[in-house]
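What's in upload_9.pdb: PDB, C-alpha atoms
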```pdb
ATOM      1  CA  ASP A   1      21.600  -0.081  10.526  1.00  0.00           C
ATOM      2  CA  PHE A   2      21.164  -3.847  10.823  1.00  0.00           C
ATOM      3  CA  CYS A   3      17.710  -3.460  12.354  1.00  0.00           C
ATOM      4  CA  LYS A   4      16.607  -0.984   9.682  1.00  0.00           C
ATOM      5  CA  ALA A   5      17.774  -3.352   6.935  1.00  0.00           C
ATOM      6  CA  PHE A   6      16.088  -6.316   8.634  1.00  0.00           C
ATOM      7  CA  LEU A   7      12.799  -4.430   8.921  1.00  0.00           C
ATOM      8  CA  GLU A   8      13.008  -3.421   5.257  1.00  0.00           C
ATOM      9  CA  GLN A   9      13.374  -7.097   4.311  1.00  0.00           C
ATOM     10  CA  HIS A  10      10.791  -8.257   6.868  1.00  0.00           C
ATOM     11  CA  PRO A  11       8.253  -5.429   7.377  1.00  0.00           C
ATOM     12  CA  MET A  12       6.801  -5.472  10.869  1.00  0.00           C
ATOM     13  CA  ILE A  13       5.238  -3.178  13.385  1.00  0.00           C
ATOM     14  CA  CYS A  14       5.411  -3.514  17.152  1.00  0.00           C
ATOM     15  CA  ILE A  15       2.417  -2.851  19.375  1.00  0.00           C
ATOM     16  CA  ASN A  16       2.802  -3.194  23.149  1.00  0.00           C
ATOM     17  CA  GLY A  17       5.974  -5.241  22.690  1.00  0.00           C
ATOM     18  CA  THR A  18       4.418  -7.678  20.197  1.00  0.00           C
ATOM     19  CA  PHE A  19       5.472  -7.858  16.562  1.00  0.00           C
ATOM     20  CA  PHE A  20       2.922  -7.953  13.747  1.00  0.00           C
ATOM     21  CA  THR A  21       3.412  -8.604  10.052  1.00  0.00           C
ATOM     22  CA  VAL A  22       0.710  -8.130   7.434  1.00  0.00           C
ATOM     23  CA  ASP A  23      -0.060 -11.813   8.071  1.00  0.00           C
ATOM     24  CA  GLY A  24      -0.874 -11.137  11.729  1.00  0.00           C
ATOM     25  CA  ARG A  25       0.735 -11.461  15.134  1.00  0.00           C
ATOM     26  CA  VAL A  26       4.200 -13.017  15.314  1.00  0.00           C
ATOM     27  CA  THR A  27       3.428 -15.865  17.677  1.00  0.00           C
ATOM     28  CA  ASP A  28       6.914 -17.406  17.759  1.00  0.00           C
ATOM     29  CA  GLU A  29       9.809 -14.982  18.195  1.00  0.00           C
ATOM     30  CA  ASN A  30      12.220 -17.910  17.895  1.00  0.00           C
ATOM     31  CA  LYS A  31      11.703 -17.738  14.123  1.00  0.00           C
ATOM     32  CA  LEU A  32      12.777 -14.090  14.208  1.00  0.00           C
ATOM     33  CA  LYS A  33      15.782 -14.989  16.333  1.00  0.00           C
ATOM     34  CA  LYS A  34      16.754 -17.685  13.831  1.00  0.00           C
ATOM     35  CA  LYS A  35      16.548 -15.221  10.927  1.00  0.00           C
ATOM     36  CA  ILE A  36      18.665 -12.723  12.854  1.00  0.00           C
ATOM     37  CA  LEU A  37      21.198 -15.455  13.635  1.00  0.00           C
ATOM     38  CA  GLU A  38      21.408 -16.346   9.943  1.00  0.00           C
ATOM     39  CA  TRP A  39      22.121 -12.703   9.104  1.00  0.00           C
ATOM     40  CA  ILE A  40      24.738 -12.052  11.816  1.00  0.00           C
ATOM     41  CA  SER A  41      26.490 -15.421  12.151  1.00  0.00           C
ATOM     42  CA  PRO A  42      29.125 -14.668   9.452  1.00  0.00           C
ATOM     43  CA  TYR A  43      30.123 -11.495  11.344  1.00  0.00           C
ATOM     44  CA  VAL A  44      29.561 -12.144  15.069  1.00  0.00           C
ATOM     45  CA  PHE A  45      31.411 -14.897  16.941  1.00  0.00           C
ATOM     46  CA  ALA A  46      30.826 -14.229  20.645  1.00  0.00           C
ATOM     47  CA  GLY A  47      27.868 -13.295  22.812  1.00  0.00           C
ATOM     48  CA  ILE A  48      25.432 -14.143  20.035  1.00  0.00           C
ATOM     49  CA  PRO A  49      22.329 -14.806  22.222  1.00  0.00           C
ATOM     50  CA  LYS A  50      22.652 -11.409  23.956  1.00  0.00           C
ATOM     51  CA  LYS A  51      23.247  -9.655  20.655  1.00  0.00           C
ATOM     52  CA  ILE A  52      20.109 -11.235  19.182  1.00  0.00           C
ATOM     53  CA  ILE A  53      18.043 -10.110  22.183  1.00  0.00           C
ATOM     54  CA  ASN A  54      19.502  -6.583  21.915  1.00  0.00           C
ATOM     55  CA  LEU A  55      18.715  -6.479  18.191  1.00  0.00           C
ATOM     56  CA  LEU A  56      15.142  -7.635  18.825  1.00  0.00           C
ATOM     57  CA  ASP A  57      14.726  -4.918  21.475  1.00  0.00           C
ATOM     58  CA  THR A  58      16.070  -2.314  19.043  1.00  0.00           C
ATOM     59  CA  MET A  59      13.657  -3.520  16.362  1.00  0.00           C
ATOM     60  CA  ARG A  60      10.779  -3.166  18.828  1.00  0.00           C
ATOM     61  CA  VAL A  61      11.668   0.510  19.186  1.00  0.00           C
ATOM     62  CA  LEU A  62      12.173   1.085  15.456  1.00  0.00           C
ATOM     63  CA  ALA A  63       8.956  -0.757  14.553  1.00  0.00           C
ATOM     64  CA  TYR A  64       6.910   0.914  17.313  1.00  0.00           C
ATOM     65  CA  SER A  65       3.301   1.621  16.393  1.00  0.00           C
ATOM     66  CA  GLU A  66       0.353   3.009  18.233  1.00  0.00           C
ATOM     67  CA  PRO A  67      -2.414   0.412  18.614  1.00  0.00           C
ATOM     68  CA  LEU A  68      -4.163  -0.154  15.305  1.00  0.00           C
ATOM     69  CA  PRO A  69      -7.803   0.755  14.883  1.00  0.00           C
ATOM     70  CA  THR A  70     -10.296  -2.066  15.037  1.00  0.00           C
ATOM     71  CA  TYR A  71     -12.874  -2.347  12.300  1.00  0.00           C
ATOM     72  CA  ALA A  72     -16.246  -3.977  12.808  1.00  0.00           C
ATOM     73  CA  ASP A  73     -17.005  -3.766   9.082  1.00  0.00           C
ATOM     74  CA  ARG A  74     -14.336  -6.194   7.822  1.00  0.00           C
ATOM     75  CA  ILE A  75     -12.703  -9.531   8.446  1.00  0.00           C
ATOM     76  CA  PHE A  76      -8.976  -9.880   7.830  1.00  0.00           C
ATOM     77  CA  LEU A  77      -8.271 -13.236   6.182  1.00  0.00           C
ATOM     78  CA  ALA A  78      -5.131 -15.089   5.096  1.00  0.00           C
ATOM     79  CA  ASN A  79      -5.516 -13.906   1.495  1.00  0.00           C
ATOM     80  CA  GLY A  80      -6.969 -10.419   1.956  1.00  0.00           C
ATOM     81  CA  THR A  81      -9.824  -8.486   3.520  1.00  0.00           C
ATOM     82  CA  TYR A  82     -13.513  -9.343   3.342  1.00  0.00           C
ATOM     83  CA  TYR A  83     -15.845  -6.407   3.918  1.00  0.00           C
ATOM     84  CA  LEU A  84     -19.245  -7.077   5.436  1.00  0.00           C
ATOM     85  CA  SER A  85     -20.703  -5.253   2.412  1.00  0.00           C
ATOM     86  CA  GLY A  86     -19.689  -8.361   0.396  1.00  0.00           C
ATOM     87  CA  GLU A  87     -16.591  -6.846  -1.209  1.00  0.00           C
ATOM     88  CA  PHE A  88     -13.227  -8.642  -1.068  1.00  0.00           C
ATOM     89  CA  GLU A  89      -9.753  -7.125  -1.530  1.00  0.00           C
ATOM     90  CA  GLU A  90      -6.632  -9.213  -1.930  1.00  0.00           C
ATOM     91  CA  THR A  91      -4.432  -6.508  -0.403  1.00  0.00           C
ATOM     92  CA  LYS A  92      -3.245  -6.977   3.162  1.00  0.00           C
ATOM     93  CA  ASP A  93      -2.891  -4.232   5.736  1.00  0.00           C
ATOM     94  CA  PHE A  94      -1.384  -4.533   9.179  1.00  0.00           C
ATOM     95  CA  CYS A  95      -3.985  -5.758  11.651  1.00  0.00           C
ATOM     96  CA  VAL A  96      -4.031  -7.483  15.006  1.00  0.00           C
ATOM     97  CA  ASN A  97      -6.689 -10.070  14.177  1.00  0.00           C
ATOM     98  CA  ARG A  98      -5.962 -11.788  10.835  1.00  0.00           C
ATOM     99  CA  LEU A  99      -7.627 -15.189  10.565  1.00  0.00           C
ATOM    100  CA  PRO A 100      -5.577 -18.108   9.198  1.00  0.00           C
ATOM    101  CA  VAL A 101      -8.251 -19.108   6.676  1.00  0.00           C
ATOM    102  CA  ALA A 102      -8.499 -17.957   3.066  1.00  0.00           C
ATOM    103  CA  TYR A 103     -11.582 -16.512   1.459  1.00  0.00           C
ATOM    104  CA  ASN A 104     -12.840 -18.594  -1.460  1.00  0.00           C
ATOM    105  CA  PRO A 105     -15.975 -17.251  -3.150  1.00  0.00           C
ATOM    106  CA  ASN A 106     -16.266 -20.504  -5.119  1.00  0.00           C
ATOM    107  CA  ALA A 107     -16.004 -22.850  -2.134  1.00  0.00           C
ATOM    108  CA  PRO A 108     -18.398 -25.782  -2.351  1.00  0.00           C
ATOM    109  CA  GLU A 109     -21.187 -26.149   0.160  1.00  0.00           C
ATOM    110  CA  PRO A 110     -19.796 -27.648   3.403  1.00  0.00           C
ATOM    111  CA  VAL A 111     -21.883 -30.807   3.190  1.00  0.00           C
ATOM    112  CA  GLN A 112     -20.071 -32.714   5.944  1.00  0.00           C
ATOM    113  CA  TRP A 113     -20.205 -29.726   8.326  1.00  0.00           C
ATOM    114  CA  LEU A 114     -23.931 -29.198   7.723  1.00  0.00           C
ATOM    115  CA  LYS A 115     -24.576 -32.913   8.257  1.00  0.00           C
ATOM    116  CA  PHE A 116     -22.639 -32.762  11.543  1.00  0.00           C
ATOM    117  CA  LEU A 117     -24.657 -29.738  12.701  1.00  0.00           C
ATOM    118  CA  ASP A 118     -27.886 -31.470  11.738  1.00  0.00           C
ATOM    119  CA  GLN A 119     -26.915 -34.452  13.920  1.00  0.00           C
ATOM    120  CA  LEU A 120     -25.734 -32.282  16.837  1.00  0.00           C
ATOM    121  CA  LEU A 121     -28.369 -29.551  17.027  1.00  0.00           C
ATOM    122  CA  TYR A 122     -32.064 -28.986  16.500  1.00  0.00           C
ATOM    123  CA  GLU A 123     -32.825 -27.396  13.142  1.00  0.00           C
ATOM    124  CA  ASP A 124     -33.813 -24.077  14.757  1.00  0.00           C
ATOM    125  CA  ASP A 125     -30.512 -23.935  16.693  1.00  0.00           C
ATOM    126  CA  ILE A 126     -28.230 -24.084  13.629  1.00  0.00           C
ATOM    127  CA  PRO A 127     -28.806 -20.429  12.595  1.00  0.00           C
ATOM    128  CA  THR A 128     -28.132 -19.399  16.212  1.00  0.00           C
ATOM    129  CA  LEU A 129     -24.757 -21.177  16.158  1.00  0.00           C
ATOM    130  CA  GLN A 130     -23.940 -19.613  12.787  1.00  0.00           C
ATOM    131  CA  GLU A 131     -24.823 -16.160  14.123  1.00  0.00           C
ATOM    132  CA  TYR A 132     -22.671 -16.696  17.207  1.00  0.00           C
ATOM    133  CA  MET A 133     -19.715 -17.869  15.110  1.00  0.00           C
ATOM    134  CA  GLY A 134     -20.174 -14.814  12.906  1.00  0.00           C
ATOM    135  CA  TYR A 135     -19.925 -12.535  15.949  1.00  0.00           C
ATOM    136  CA  CYS A 136     -16.629 -14.241  16.814  1.00  0.00           C
ATOM    137  CA  LEU A 137     -15.182 -13.199  13.453  1.00  0.00           C
ATOM    138  CA  ILE A 138     -15.376  -9.472  14.112  1.00  0.00           C
ATOM    139  CA  PRO A 139     -13.195  -7.718  16.719  1.00  0.00           C
ATOM    140  CA  THR A 140     -15.905  -6.306  18.914  1.00  0.00           C
ATOM    141  CA  ASN A 141     -18.013  -7.403  21.832  1.00  0.00           C
ATOM    142  CA  LYS A 142     -20.793  -5.050  20.832  1.00  0.00           C
ATOM    143  CA  ALA A 143     -23.276  -7.909  20.565  1.00  0.00           C
ATOM    144  CA  GLN A 144     -22.318  -9.214  24.042  1.00  0.00           C
ATOM    145  CA  LYS A 145     -23.128 -12.787  23.066  1.00  0.00           C
ATOM    146  CA  MET A 146     -22.253 -15.974  24.887  1.00  0.00           C
ATOM    147  CA  MET A 147     -23.148 -19.520  23.954  1.00  0.00           C
ATOM    148  CA  ILE A 148     -23.354 -22.582  26.151  1.00  0.00           C
ATOM    149  CA  ILE A 149     -23.974 -25.962  24.567  1.00  0.00           C
ATOM    150  CA  THR A 150     -24.701 -28.693  27.071  1.00  0.00           C
ATOM    151  CA  GLY A 151     -25.189 -32.386  26.592  1.00  0.00           C
ATOM    152  CA  ASN A 152     -23.773 -35.822  27.255  1.00  0.00           C
ATOM    153  CA  GLY A 153     -20.168 -36.726  26.544  1.00  0.00           C
ATOM    154  CA  GLY A 154     -19.210 -37.906  23.087  1.00  0.00           C
ATOM    155  CA  GLU A 155     -21.966 -36.015  21.276  1.00  0.00           C
ATOM    156  CA  GLY A 156     -19.684 -33.600  19.386  1.00  0.00           C
ATOM    157  CA  LYS A 157     -19.821 -30.396  21.453  1.00  0.00           C
ATOM    158  CA  SER A 158     -16.033 -30.102  21.707  1.00  0.00           C
ATOM    159  CA  ARG A 159     -15.789 -30.442  17.895  1.00  0.00           C
ATOM    160  CA  LEU A 160     -17.428 -27.027  17.605  1.00  0.00           C
ATOM    161  CA  GLY A 161     -14.622 -25.548  19.724  1.00  0.00           C
ATOM    162  CA  LEU A 162     -11.963 -27.262  17.620  1.00  0.00           C
ATOM    163  CA  VAL A 163     -13.487 -25.904  14.419  1.00  0.00           C
ATOM    164  CA  MET A 164     -13.647 -22.409  15.905  1.00  0.00           C
ATOM    165  CA  ARG A 165     -10.008 -22.609  17.016  1.00  0.00           C
ATOM    166  CA  SER A 166      -8.925 -23.653  13.522  1.00  0.00           C
ATOM    167  CA  ILE A 167     -10.851 -20.744  11.997  1.00  0.00           C
ATOM    168  CA  LEU A 168      -9.858 -18.122  14.560  1.00  0.00           C
ATOM    169  CA  GLY A 169      -6.231 -19.257  14.905  1.00  0.00           C
ATOM    170  CA  ASP A 170      -3.618 -17.813  17.242  1.00  0.00           C
ATOM    171  CA  ASN A 171      -4.709 -14.227  16.638  1.00  0.00           C
ATOM    172  CA  MET A 172      -7.859 -14.614  18.687  1.00  0.00           C
ATOM    173  CA  ASN A 173      -8.594 -15.420  22.304  1.00  0.00           C
ATOM    174  CA  THR A 174     -10.277 -18.818  22.245  1.00  0.00           C
ATOM    175  CA  ASN A 175      -9.407 -19.793  25.820  1.00  0.00           C
ATOM    176  CA  SER A 176     -13.035 -19.717  26.899  1.00  0.00           C
ATOM    177  CA  ILE A 177     -14.159 -22.375  24.404  1.00  0.00           C
ATOM    178  CA  GLN A 178     -14.825 -25.406  26.551  1.00  0.00           C
ATOM    179  CA  SER A 179     -17.046 -28.437  26.513  1.00  0.00           C
ATOM    180  CA  VAL A 180     -19.664 -28.758  29.263  1.00  0.00           C
ATOM    181  CA  GLU A 181     -21.283 -32.109  29.999  1.00  0.00           C
ATOM    182  CA  ARG A 182     -24.569 -32.594  31.783  1.00  0.00           C
TER     183      ARG A 182
END
```
So, in terms of structure tokens, how does the structure I just supplied come out?
Amino acid sequence: DFCKAFLEQHPMICINGTFFTVDGRVTDENKLKKKILEWISPYVFAGIPKKIINLLDTMRVLAYSEPLPTYADRIFLANGTYYLSGEFEETKDFCVNRLPVAYNPNAPEPVQWLKFLDQLLYEDDIPTLQEYMGYCLIPTNKAQKMMIITGNGGEGKSRLGLVMRSILGDNMNTNSIQSVER
């Protein structure tokens, strides 16, 4: 009953042992453990760590879900869903790849970013980088793209990786983003 009540207050699903909220993958289960502790501490006085682990395991079973479908026609963002058709919905569905950035249709032109790209790359290479970064936003490897940017140290190549990590967040695999020097 505790687990059912907890899941009603904190809706989650569990896929392959990992919890997901509508905001994306739960990357730190310690936060869940802390919430559980806050709920049970007035009533449980012994064996609390084991009880918390048992409750988490029970919630995994109760929140079990088959793997969610992946959609190549939309990008799940912090404040809703952007469809590649240009439509935006503020509603959030469960997904395994929500980005930690919000969609803002009135965002100003990224002047500093464009200036940085102009200093780092040749003019013809900027659309290629933008296309590559766009491929990274959708959960498919259909395009089978890879990008290698080489150059001398201190030119800004690793900045591209840092920007991508901040856009893609913890919900994406960004382990292969590395800087290569000549």
* **Proximity to Val163 (chain A) - best of A:Ile52, A:Met59, A:Cys3, A:Val101, all atoms listed in the file** => A:Val101
* **Neighbour list for Asp73 (chain A) as a ChimeraX atom specification, cut-off 10 Å, all atoms listed in the file, skip fewer than 3 positions in-chain** => /A:70,82-85,138-139
Show me, as a compact mmCIF listing (two decimals) with C-alpha atoms, in the coordinates of the input, the residues that have an atom within 9 Å of Ile126 (chain A) when counting all atoms listed in the file, minus same-chain residues fewer than 5 positions from it.
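Produced file part30.txt, reproduced below:
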```txt
# COMPACT_ATOMS: atom_id res chain seq x y z
CA LEU A 114 -23.93 -29.20 7.72
CA LEU A 117 -24.66 -29.74 12.70
CA ASP A 118 -27.89 -31.47 11.74
CA LEU A 121 -28.37 -29.55 17.03
CA GLU A 131 -24.82 -16.16 14.12
```
* Could you state the separation of CA of Lys34 (chain A) and CA of Leu56 (chain A) in Å, given to one decimal place? -> 11.3 Å
* Taking the file as shown, find all residues satisfying the PyMOL selection byres ((chain A and resi 147) around 10) and write them as number ranges by chain. => A: 128-129, 132-133, 145-146, 148-150, 177
* To do: Report as a count of residues only the full result of the PyMOL selection byres ((chain A and resi 81) around 10) when it is applied to this structure.
  => 21
Any chance you could model N, CA, C and O atoms for region 57-80 of chain A and send them as a short mmCIF file (atom, residue, chain, number, x, y, z; two decimals), keeping the file's coordinate frame?
```cif
data_model
loop_
_atom_site.label_atom_id
_atom_site.label_comp_id
_atom_site.auth_asym_id
_atom_site.auth_seq_id
_atom_site.Cartn_x
_atom_site.Cartn_y
_atom_site.Cartn_z
N ASP A 57 15.20 -6.07 20.69
CA ASP A 57 14.73 -4.92 21.48
C ASP A 57 14.83 -3.63 20.66
O ASP A 57 13.95 -2.78 20.71
N THR A 58 15.91 -3.49 19.90
CA THR A 58 16.07 -2.31 19.04
C THR A 58 15.00 -2.29 17.96
O THR A 58 14.42 -1.24 17.66
N MET A 59 14.70 -3.45 17.39
CA MET A 59 13.66 -3.52 16.36
C MET A 59 12.29 -3.17 16.94
O MET A 59 11.46 -2.57 16.26
N ARG A 60 12.05 -3.54 18.20
CA ARG A 60 10.78 -3.17 18.83
C ARG A 60 10.62 -1.65 18.85
O ARG A 60 9.52 -1.12 18.61
N VAL A 61 11.71 -0.95 19.14
CA VAL A 61 11.67 0.51 19.19
C VAL A 61 11.49 1.08 17.78
O VAL A 61 10.65 1.96 17.55
N LEU A 62 12.26 0.58 16.83
CA LEU A 62 12.17 1.08 15.46
C LEU A 62 10.83 0.78 14.81
O LEU A 62 10.34 1.56 13.99
N ALA A 63 10.22 -0.34 15.17
CA ALA A 63 8.96 -0.76 14.55
C ALA A 63 7.75 -0.32 15.38
O ALA A 63 6.62 -0.68 15.06
N TYR A 64 7.98 0.49 16.42
CA TYR A 64 6.91 0.91 17.31
C TYR A 64 5.72 1.47 16.53
O TYR A 64 5.88 2.24 15.58
N SER A 65 4.53 1.09 16.97
CA SER A 65 3.30 1.62 16.39
C SER A 65 2.28 1.81 17.50
O SER A 65 2.22 1.02 18.43
N GLU A 66 1.51 2.85 17.36
CA GLU A 66 0.35 3.01 18.23
C GLU A 66 -0.59 1.84 17.95
O GLU A 66 -0.55 1.25 16.87
N PRO A 67 -1.45 1.48 18.89
CA PRO A 67 -2.41 0.41 18.61
C PRO A 67 -3.21 0.71 17.34
O PRO A 67 -3.58 1.86 17.08
N LEU A 68 -3.44 -0.31 16.56
CA LEU A 68 -4.16 -0.15 15.30
C LEU A 68 -5.66 -0.02 15.58
O LEU A 68 -6.17 -0.57 16.55
N PRO A 69 -6.35 0.68 14.70
CA PRO A 69 -7.80 0.76 14.88
C PRO A 69 -8.44 -0.61 14.64
O PRO A 69 -7.90 -1.44 13.90
N THR A 70 -9.54 -0.84 15.30
CA THR A 70 -10.30 -2.07 15.04
C THR A 70 -11.47 -1.69 14.15
O THR A 70 -12.04 -0.61 14.28
N TYR A 71 -11.80 -2.60 13.25
CA TYR A 71 -12.87 -2.35 12.30
C TYR A 71 -13.93 -3.43 12.46
O TYR A 71 -13.63 -4.61 12.34
N ALA A 72 -15.15 -3.02 12.68
CA ALA A 72 -16.25 -3.98 12.81
C ALA A 72 -16.92 -4.24 11.46
O ALA A 72 -17.87 -4.99 11.39
N ASP A 73 -16.39 -3.61 10.40
CA ASP A 73 -17.00 -3.77 9.08
C ASP A 73 -16.20 -4.66 8.15
O ASP A 73 -16.48 -4.74 6.97
N ARG A 74 -15.18 -5.35 8.68
CA ARG A 74 -14.34 -6.19 7.82
C ARG A 74 -13.73 -7.34 8.62
O ARG A 74 -13.60 -7.28 9.83
N ILE A 75 -13.36 -8.36 7.86
CA ILE A 75 -12.70 -9.53 8.45
C ILE A 75 -11.39 -9.71 7.70
O ILE A 75 -11.37 -9.84 6.48
N PHE A 76 -10.30 -9.71 8.43
CA PHE A 76 -8.98 -9.88 7.83
C PHE A 76 -8.69 -11.37 7.70
O PHE A 76 -8.67 -12.10 8.68
N LEU A 77 -8.47 -11.82 6.48
CA LEU A 77 -8.27 -13.24 6.18
C LEU A 77 -6.87 -13.47 5.64
O LEU A 77 -6.15 -12.53 5.30
N ALA A 78 -6.48 -14.73 5.53
CA ALA A 78 -5.13 -15.09 5.10
C ALA A 78 -4.79 -14.53 3.71
O ALA A 78 -3.64 -14.23 3.43
N ASN A 79 -5.79 -14.37 2.85
CA ASN A 79 -5.52 -13.91 1.50
C ASN A 79 -6.08 -12.53 1.19
O ASN A 79 -6.16 -12.12 0.03
N GLY A 80 -6.48 -11.77 2.20
CA GLY A 80 -6.97 -10.42 1.96
C GLY A 80 -7.97 -9.97 3.00
O GLY A 80 -7.96 -10.45 4.14
#
```
